[in-house]
Amino acid sequence: MEEDRVREGRMERETPGGAGLAATDEHRATARRLLGEGRSGRCARAAGAVRGVLRDRRGAIGAGLLTAFALIAALAPWLSPQDPRAAGSFSSVILADPSAAHWLGTDENGRDLLSQVLLGAQDTMLVGFTAALVSSVIGTAVGIAAGWFGGWTDRILGILNDWFLVLPMIPVTVLAASLLGNRAAHLPLGRTTVLIMVIGLFGWAGTSRIVRAEVLSLKHRAFVERSVVLGAGQLRVIRTQILPNVAPLVLANAVVYVALAVLTESTLSYLGLGDPDRFSWGGMLQSAQEAGAMSTGAWGYFLAPGLGITLVVLGFSLLGHAIESRVDPRLREQR
């Protein structure tokens, strides 16, 4: 019996069909081995990219600023001297100058401004990160679909992409937030959820265009065509070959878009479209203007949130440009 099995295996390898099957199995085994090595290689390249970004002066400054503000936002409930939402936080000491009791002074209701600035970092960073995540997911999906499938899919998605690109961001988000704001009572974060949805849903077109261009270049590369020839399905090729290669560009664009999302959230909150039950830096600027903080010299009321917005946007912009200079070949050649 054993000799018969050995003889059958030898005959199968000697026949053309058997040779083809053996070669196919060998190629698939090699592809699986290379794919496994590719995962560890991608991790090593990602770690090297992080080190390269942090060696860039812009990346180091941006990462330092964002780390500081992320810690402030995470620890805000414990760092705040008082809870400005509590009934006991209201006092008769209104628009007071900075003092040992209130480092930035008080607002028109006698509440501590430092506590509001610290808690405002939570809402501002939350909207910025989440809106950028929503925008990146939509833009990546649309860009990959348009670039990979082509044809009518590319034409229809291209028209949709161009339409979103020409929309004026601030007026459209103001209109959408105004229309949806009254229906936000049942949402988890109230009007903050509306701001996240509006900023994310209207900001994906730039990411989509970048991803589509990269996919058009990748789909004709040898390693992608080899995977298709070896029998990998389209979804598997997209997941294992296309998506990992467009991820660095998406990351760079997302980091820069967080800065735009923070500015847009601050603008909408300043216009009164934010959640009145939550603190944000844009909402503080609106309250400071209504209370006449500039005319009374309550500089902590408007200077602290304005400086916070500026530094967060600066941090995301510097880090985003540092990442972009690492992943964009044209910028890499100019260094």
# chains A, B, ... in the order shown; residues from 1 in each chain; ligands from 1
>>> residues_around(residues="Arg85 in chain A", least_positions_apart="3", cutoff="9 Å", atoms="only C-alpha atoms", output="list in words")
Gln82, Gly88, Ser89, Phe90, Arg111, Asp277 and Arg278 of chain A
>>> write_last_selection(atoms="all heavy atoms", output="short mmCIF file (atom, residue, chain, number, x, y, z; two decimals), in the first residue's frame")
data_model
loop_
_atom_site.label_atom_id
_atom_site.label_comp_id
_atom_site.auth_asym_id
_atom_site.auth_seq_id
_atom_site.Cartn_x
_atom_site.Cartn_y
_atom_site.Cartn_z
N GLN A 82 -12.65 73.08 40.14
CA GLN A 82 -14.05 72.91 40.52
C GLN A 82 -14.82 72.35 39.32
O GLN A 82 -14.31 72.34 38.20
CB GLN A 82 -14.68 74.23 40.97
CG GLN A 82 -14.76 75.26 39.88
CD GLN A 82 -15.50 76.52 40.30
OE1 GLN A 82 -16.23 77.10 39.52
NE2 GLN A 82 -15.31 76.98 41.53
N GLY A 88 -22.99 74.71 42.98
CA GLY A 88 -22.13 75.42 43.93
C GLY A 88 -21.01 76.21 43.29
O GLY A 88 -20.31 76.96 43.98
N SER A 89 -20.80 76.05 41.97
CA SER A 89 -19.71 76.77 41.31
C SER A 89 -20.09 78.21 40.99
O SER A 89 -19.22 79.04 40.72
CB SER A 89 -19.31 76.06 40.01
OG SER A 89 -20.40 76.06 39.08
N PHE A 90 -21.38 78.54 41.00
CA PHE A 90 -21.82 79.90 40.73
C PHE A 90 -21.56 80.78 41.96
O PHE A 90 -21.77 80.36 43.10
CB PHE A 90 -23.30 79.93 40.39
CG PHE A 90 -23.62 79.26 39.08
CD1 PHE A 90 -23.77 77.89 39.00
CD2 PHE A 90 -23.78 80.01 37.92
CE1 PHE A 90 -24.06 77.26 37.80
CE2 PHE A 90 -24.09 79.39 36.71
CZ PHE A 90 -24.22 78.01 36.66
N ARG A 111 -18.00 81.53 37.80
CA ARG A 111 -17.40 80.20 37.74
C ARG A 111 -15.93 80.28 37.34
O ARG A 111 -15.52 81.19 36.61
CB ARG A 111 -18.17 79.31 36.76
CG ARG A 111 -19.60 79.06 37.17
CD ARG A 111 -20.33 78.25 36.11
NE ARG A 111 -20.42 78.96 34.84
CZ ARG A 111 -21.02 78.47 33.76
NH1 ARG A 111 -21.58 77.27 33.81
NH2 ARG A 111 -21.06 79.19 32.65
N ASP A 277 -24.71 72.43 27.06
CA ASP A 277 -24.46 71.70 28.30
C ASP A 277 -23.02 71.20 28.42
O ASP A 277 -22.68 70.57 29.42
CB ASP A 277 -25.41 70.49 28.37
CG ASP A 277 -26.87 70.91 28.42
OD1 ASP A 277 -27.15 71.98 29.01
OD2 ASP A 277 -27.72 70.18 27.86
N ARG A 278 -22.21 71.45 27.41
CA ARG A 278 -20.81 71.03 27.42
C ARG A 278 -19.93 72.25 27.17
O ARG A 278 -20.33 73.19 26.49
CB ARG A 278 -20.56 69.96 26.36
CG ARG A 278 -21.36 68.69 26.55
CD ARG A 278 -21.13 67.72 25.41
NE ARG A 278 -19.75 67.27 25.36
CZ ARG A 278 -19.30 66.20 26.00
NH1 ARG A 278 -20.12 65.49 26.74
NH2 ARG A 278 -18.03 65.83 25.90
#
>>> residues_around(residues="range 72-77 of chain A", least_positions_apart="5", cutoff="8 Å", atoms="only C-alpha atoms", output="MDAnalysis selection string")
chainID A and resid 83 115 118:122 125
>>> closest_atom_pairs(of="range 65-175 of chain A", to="range 283-288 of chain A", cutoff="9 Å", atoms="only C-alpha atoms", output="Markdown table")
| residue | atom | partner | partner_atom | distance |
| --- | --- | --- | --- | --- |
| A:Asp107 | CA | A:Ala288 | CA | 7.8 |
| A:Glu108 | CA | A:Ala288 | CA | 8.4 |
| A:Gln116 | CA | A:Met284 | CA | 8.0 |
| A:Val117 | CA | A:Met284 | CA | 8.1 |
| A:Gly120 | CA | A:Met284 | CA | 8.2 |
>>> closest_residue(among="A:Ala232, A:Ala322, A:Ala176, A:Leu195", to="Leu249 in chain A", atoms="only C-alpha atoms")
A:Ala322
>>> select_by_dssp(residues="range 52-250 of chain A", states="helix (DSSP H, G or I)", output="PyMOL selection string")
chain A and resi 52-55+57-79+87-89+113-149+151-166+169-181+191-201+205-218+222-229+234-250
>>> closest_atom_pairs(of="range 79-195 of chain A", to="range 273-276 of chain A", cutoff="7 Å", atoms="only C-alpha atoms", output="Markdown table")
| residue | atom | partner | partner_atom | distance |
| --- | --- | --- | --- | --- |
| A:Ala177 | CA | A:Leu273 | CA | 6.6 |
| A:Ser178 | CA | A:Leu273 | CA | 6.7 |
| A:Gly190 | CA | A:Asp275 | CA | 6.5 |
| A:Arg191 | CA | A:Asp275 | CA | 4.8 |
| A:Thr192 | CA | A:Asp275 | CA | 5.8 |
>>> residues_around(residues="Ala213 in chain A", least_positions_apart="6", cutoff="12 Å", atoms="only C-alpha atoms", output="ChimeraX atom specification")
/A:140,142-148,150,154,158,206-207,219,242,246,249
>>> write_last_selection(atoms="N, CA and C atoms", output="compact mmCIF listing (two decimals), in the first residue's frame")
# COMPACT_ATOMS: atom_id res chain seq x y z
N THR A 140 -11.48 57.11 2.41
CA THR A 140 -10.70 55.94 2.02
C THR A 140 -11.57 54.93 1.26
N VAL A 142 -14.38 55.46 -0.44
CA VAL A 142 -14.77 55.99 -1.75
C VAL A 142 -13.57 56.01 -2.70
N GLY A 143 -12.41 56.41 -2.21
CA GLY A 143 -11.22 56.47 -3.06
C GLY A 143 -10.78 55.10 -3.54
N ILE A 144 -10.81 54.10 -2.67
CA ILE A 144 -10.43 52.74 -3.07
C ILE A 144 -11.43 52.19 -4.08
N ALA A 145 -12.73 52.38 -3.82
CA ALA A 145 -13.75 51.88 -4.75
C ALA A 145 -13.61 52.52 -6.13
N ALA A 146 -13.38 53.84 -6.17
CA ALA A 146 -13.26 54.53 -7.46
C ALA A 146 -12.00 54.11 -8.20
N GLY A 147 -10.88 54.01 -7.49
CA GLY A 147 -9.63 53.67 -8.16
C GLY A 147 -9.53 52.21 -8.55
N TRP A 148 -10.08 51.32 -7.74
CA TRP A 148 -9.92 49.89 -8.01
C TRP A 148 -10.90 49.39 -9.08
N GLY A 150 -12.95 51.32 -11.15
CA GLY A 150 -12.95 52.10 -12.37
C GLY A 150 -14.31 52.14 -13.04
N ASP A 154 -16.15 54.63 -11.00
CA ASP A 154 -15.23 55.76 -10.89
C ASP A 154 -15.90 57.05 -11.34
N GLY A 158 -16.62 59.97 -8.85
CA GLY A 158 -15.87 61.18 -9.18
C GLY A 158 -16.77 62.41 -9.20
N GLY A 206 -11.32 65.41 -0.03
CA GLY A 206 -9.88 65.53 -0.24
C GLY A 206 -9.16 64.21 -0.04
N THR A 207 -9.54 63.48 1.01
CA THR A 207 -8.95 62.16 1.24
C THR A 207 -9.26 61.21 0.10
N LYS A 219 -2.63 49.50 -8.44
CA LYS A 219 -3.32 48.35 -9.04
C LYS A 219 -2.55 47.75 -10.21
N ILE A 242 -3.70 46.78 -1.04
CA ILE A 242 -4.02 48.18 -1.33
C ILE A 242 -4.10 49.02 -0.06
N VAL A 246 -1.97 52.52 1.15
CA VAL A 246 -2.54 53.87 1.14
C VAL A 246 -2.69 54.42 2.56
N LEU A 249 -0.65 57.67 3.59
CA LEU A 249 -1.19 58.91 3.02
C LEU A 249 -2.47 59.32 3.73
>>> closest_residue(among="A:Thr267, A:Ala259, A:Pro248, A:Leu303", to="Ala49 in chain A", atoms="only C-alpha atoms")
A:Pro248
>>> residues_around(residues="Ser227 in chain A", least_positions_apart="3", cutoff="10 Å", atoms="only C-alpha atoms", output="count of residues only")
14
>>> residues_around(residues="Phe302 in chain A", least_positions_apart="3", cutoff="12 Å", atoms="only C-alpha atoms", output="PyMOL selection string")
chain A and resi 95+104-107+113-114+116-117+270+281-299+305-309
>>> decode(residues="range 153-166 of chain A", atoms="all heavy atoms", output="PDB file, in the first residue's frame")
ATOM      1  N   THR A 153     -18.313  53.080 -11.895  1.00  0.00           N
ATOM      2  CA  THR A 153     -18.123  53.343 -10.460  1.00  0.00           C
ATOM      3  C   THR A 153     -17.238  54.561 -10.244  1.00  0.00           C
ATOM      4  O   THR A 153     -17.547  55.442  -9.432  1.00  0.00           O
ATOM      5  CB  THR A 153     -17.497  52.113  -9.777  1.00  0.00           C
ATOM      6  OG1 THR A 153     -18.324  50.974  -9.991  1.00  0.00           O
ATOM      7  CG2 THR A 153     -17.323  52.354  -8.291  1.00  0.00           C
ATOM      8  N   ASP A 154     -16.146  54.628 -10.996  1.00  0.00           N
ATOM      9  CA  ASP A 154     -15.230  55.760 -10.892  1.00  0.00           C
ATOM     10  C   ASP A 154     -15.899  57.054 -11.338  1.00  0.00           C
ATOM     11  O   ASP A 154     -15.726  58.109 -10.717  1.00  0.00           O
ATOM     12  CB  ASP A 154     -13.980  55.477 -11.726  1.00  0.00           C
ATOM     13  CG  ASP A 154     -12.889  56.520 -11.498  1.00  0.00           C
ATOM     14  OD1 ASP A 154     -12.963  57.245 -10.491  1.00  0.00           O
ATOM     15  OD2 ASP A 154     -11.973  56.604 -12.335  1.00  0.00           O
ATOM     16  N   ARG A 155     -16.683  56.998 -12.400  1.00  0.00           N
ATOM     17  CA  ARG A 155     -17.336  58.209 -12.915  1.00  0.00           C
ATOM     18  C   ARG A 155     -18.367  58.758 -11.917  1.00  0.00           C
ATOM     19  O   ARG A 155     -18.394  59.968 -11.632  1.00  0.00           O
ATOM     20  CB  ARG A 155     -18.006  57.911 -14.254  1.00  0.00           C
ATOM     21  CG  ARG A 155     -17.044  57.571 -15.377  1.00  0.00           C
ATOM     22  CD  ARG A 155     -17.764  57.485 -16.719  1.00  0.00           C
ATOM     23  NE  ARG A 155     -16.878  57.013 -17.764  1.00  0.00           N
ATOM     24  CZ  ARG A 155     -16.773  55.758 -18.147  1.00  0.00           C
ATOM     25  NH1 ARG A 155     -17.516  54.825 -17.560  1.00  0.00           N
ATOM     26  NH2 ARG A 155     -15.937  55.402 -19.104  1.00  0.00           N
ATOM     27  N   ILE A 156     -19.199  57.869 -11.401  1.00  0.00           N
ATOM     28  CA  ILE A 156     -20.237  58.314 -10.468  1.00  0.00           C
ATOM     29  C   ILE A 156     -19.622  58.855  -9.180  1.00  0.00           C
ATOM     30  O   ILE A 156     -19.990  59.928  -8.689  1.00  0.00           O
ATOM     31  CB  ILE A 156     -21.202  57.154 -10.172  1.00  0.00           C
ATOM     32  CG1 ILE A 156     -21.971  56.773 -11.436  1.00  0.00           C
ATOM     33  CG2 ILE A 156     -22.170  57.539  -9.053  1.00  0.00           C
ATOM     34  CD1 ILE A 156     -22.815  55.533 -11.285  1.00  0.00           C
ATOM     35  N   LEU A 157     -18.658  58.109  -8.615  1.00  0.00           N
ATOM     36  CA  LEU A 157     -18.009  58.567  -7.387  1.00  0.00           C
ATOM     37  C   LEU A 157     -17.183  59.827  -7.633  1.00  0.00           C
ATOM     38  O   LEU A 157     -17.047  60.667  -6.742  1.00  0.00           O
ATOM     39  CB  LEU A 157     -17.130  57.459  -6.814  1.00  0.00           C
ATOM     40  CG  LEU A 157     -17.874  56.224  -6.298  1.00  0.00           C
ATOM     41  CD1 LEU A 157     -16.891  55.181  -5.789  1.00  0.00           C
ATOM     42  CD2 LEU A 157     -18.848  56.603  -5.186  1.00  0.00           C
ATOM     43  N   GLY A 158     -16.623  59.965  -8.853  1.00  0.00           N
ATOM     44  CA  GLY A 158     -15.875  61.178  -9.183  1.00  0.00           C
ATOM     45  C   GLY A 158     -16.766  62.412  -9.201  1.00  0.00           C
ATOM     46  O   GLY A 158     -16.376  63.484  -8.720  1.00  0.00           O
ATOM     47  N   ILE A 159     -17.967  62.270  -9.751  1.00  0.00           N
ATOM     48  CA  ILE A 159     -18.915  63.387  -9.745  1.00  0.00           C
ATOM     49  C   ILE A 159     -19.299  63.755  -8.312  1.00  0.00           C
ATOM     50  O   ILE A 159     -19.346  64.939  -7.940  1.00  0.00           O
ATOM     51  CB  ILE A 159     -20.166  63.015 -10.572  1.00  0.00           C
ATOM     52  CG1 ILE A 159     -19.796  62.861 -12.046  1.00  0.00           C
ATOM     53  CG2 ILE A 159     -21.259  64.064 -10.400  1.00  0.00           C
ATOM     54  CD1 ILE A 159     -20.916  62.325 -12.907  1.00  0.00           C
ATOM     55  N   LEU A 160     -19.576  62.734  -7.485  1.00  0.00           N
ATOM     56  CA  LEU A 160     -19.917  62.982  -6.082  1.00  0.00           C
ATOM     57  C   LEU A 160     -18.761  63.648  -5.344  1.00  0.00           C
ATOM     58  O   LEU A 160     -18.957  64.585  -4.553  1.00  0.00           O
ATOM     59  CB  LEU A 160     -20.280  61.660  -5.416  1.00  0.00           C
ATOM     60  CG  LEU A 160     -20.769  61.725  -3.968  1.00  0.00           C
ATOM     61  CD1 LEU A 160     -22.088  62.461  -3.883  1.00  0.00           C
ATOM     62  CD2 LEU A 160     -20.913  60.312  -3.386  1.00  0.00           C
ATOM     63  N   ASN A 161     -17.549  63.183  -5.612  1.00  0.00           N
ATOM     64  CA  ASN A 161     -16.361  63.746  -4.977  1.00  0.00           C
ATOM     65  C   ASN A 161     -16.174  65.212  -5.357  1.00  0.00           C
ATOM     66  O   ASN A 161     -15.915  66.064  -4.502  1.00  0.00           O
ATOM     67  CB  ASN A 161     -15.133  62.930  -5.386  1.00  0.00           C
ATOM     68  CG  ASN A 161     -13.892  63.317  -4.614  1.00  0.00           C
ATOM     69  OD1 ASN A 161     -13.621  62.777  -3.558  1.00  0.00           O
ATOM     70  ND2 ASN A 161     -13.121  64.249  -5.145  1.00  0.00           N
ATOM     71  N   ASP A 162     -16.320  65.520  -6.653  1.00  0.00           N
ATOM     72  CA  ASP A 162     -16.167  66.896  -7.106  1.00  0.00           C
ATOM     73  C   ASP A 162     -17.235  67.802  -6.504  1.00  0.00           C
ATOM     74  O   ASP A 162     -16.964  68.969  -6.194  1.00  0.00           O
ATOM     75  CB  ASP A 162     -16.228  66.961  -8.634  1.00  0.00           C
ATOM     76  CG  ASP A 162     -15.031  66.293  -9.291  1.00  0.00           C
ATOM     77  OD1 ASP A 162     -14.004  66.117  -8.607  1.00  0.00           O
ATOM     78  OD2 ASP A 162     -15.131  65.916 -10.475  1.00  0.00           O
ATOM     79  N   TRP A 163     -18.439  67.263  -6.351  1.00  0.00           N
ATOM     80  CA  TRP A 163     -19.516  68.068  -5.773  1.00  0.00           C
ATOM     81  C   TRP A 163     -19.203  68.445  -4.322  1.00  0.00           C
ATOM     82  O   TRP A 163     -19.415  69.582  -3.909  1.00  0.00           O
ATOM     83  CB  TRP A 163     -20.827  67.285  -5.855  1.00  0.00           C
ATOM     84  CG  TRP A 163     -22.020  68.069  -5.429  1.00  0.00           C
ATOM     85  CD1 TRP A 163     -22.637  69.078  -6.097  1.00  0.00           C
ATOM     86  CD2 TRP A 163     -22.738  67.919  -4.187  1.00  0.00           C
ATOM     87  NE1 TRP A 163     -23.703  69.558  -5.376  1.00  0.00           N
ATOM     88  CE2 TRP A 163     -23.794  68.864  -4.203  1.00  0.00           C
ATOM     89  CE3 TRP A 163     -22.609  67.059  -3.090  1.00  0.00           C
ATOM     90  CZ2 TRP A 163     -24.698  68.984  -3.150  1.00  0.00           C
ATOM     91  CZ3 TRP A 163     -23.519  67.188  -2.044  1.00  0.00           C
ATOM     92  CH2 TRP A 163     -24.542  68.133  -2.082  1.00  0.00           C
ATOM     93  N   PHE A 164     -18.684  67.490  -3.546  1.00  0.00           N
ATOM     94  CA  PHE A 164     -18.338  67.793  -2.153  1.00  0.00           C
ATOM     95  C   PHE A 164     -17.118  68.714  -2.066  1.00  0.00           C
ATOM     96  O   PHE A 164     -16.991  69.486  -1.113  1.00  0.00           O
ATOM     97  CB  PHE A 164     -18.071  66.494  -1.380  1.00  0.00           C
ATOM     98  CG  PHE A 164     -19.296  65.891  -0.779  1.00  0.00           C
ATOM     99  CD1 PHE A 164     -20.043  64.962  -1.483  1.00  0.00           C
ATOM    100  CD2 PHE A 164     -19.718  66.250   0.477  1.00  0.00           C
ATOM    101  CE1 PHE A 164     -21.187  64.399  -0.939  1.00  0.00           C
ATOM    102  CE2 PHE A 164     -20.863  65.692   1.041  1.00  0.00           C
ATOM    103  CZ  PHE A 164     -21.602  64.763   0.326  1.00  0.00           C
ATOM    104  N   LEU A 165     -16.226  68.633  -3.056  1.00  0.00           N
ATOM    105  CA  LEU A 165     -15.041  69.495  -3.029  1.00  0.00           C
ATOM    106  C   LEU A 165     -15.399  70.966  -3.202  1.00  0.00           C
ATOM    107  O   LEU A 165     -14.735  71.844  -2.633  1.00  0.00           O
ATOM    108  CB  LEU A 165     -14.052  69.065  -4.120  1.00  0.00           C
ATOM    109  CG  LEU A 165     -13.097  67.918  -3.799  1.00  0.00           C
ATOM    110  CD1 LEU A 165     -12.259  67.564  -5.018  1.00  0.00           C
ATOM    111  CD2 LEU A 165     -12.193  68.276  -2.624  1.00  0.00           C
ATOM    112  N   VAL A 166     -16.397  71.259  -4.019  1.00  0.00           N
ATOM    113  CA  VAL A 166     -16.727  72.657  -4.305  1.00  0.00           C
ATOM    114  C   VAL A 166     -17.670  73.255  -3.267  1.00  0.00           C
ATOM    115  O   VAL A 166     -17.929  74.460  -3.301  1.00  0.00           O
ATOM    116  CB  VAL A 166     -17.345  72.801  -5.714  1.00  0.00           C
ATOM    117  CG1 VAL A 166     -16.371  72.330  -6.774  1.00  0.00           C
ATOM    118  CG2 VAL A 166     -18.662  72.033  -5.833  1.00  0.00           C
TER     119      VAL A 166
END
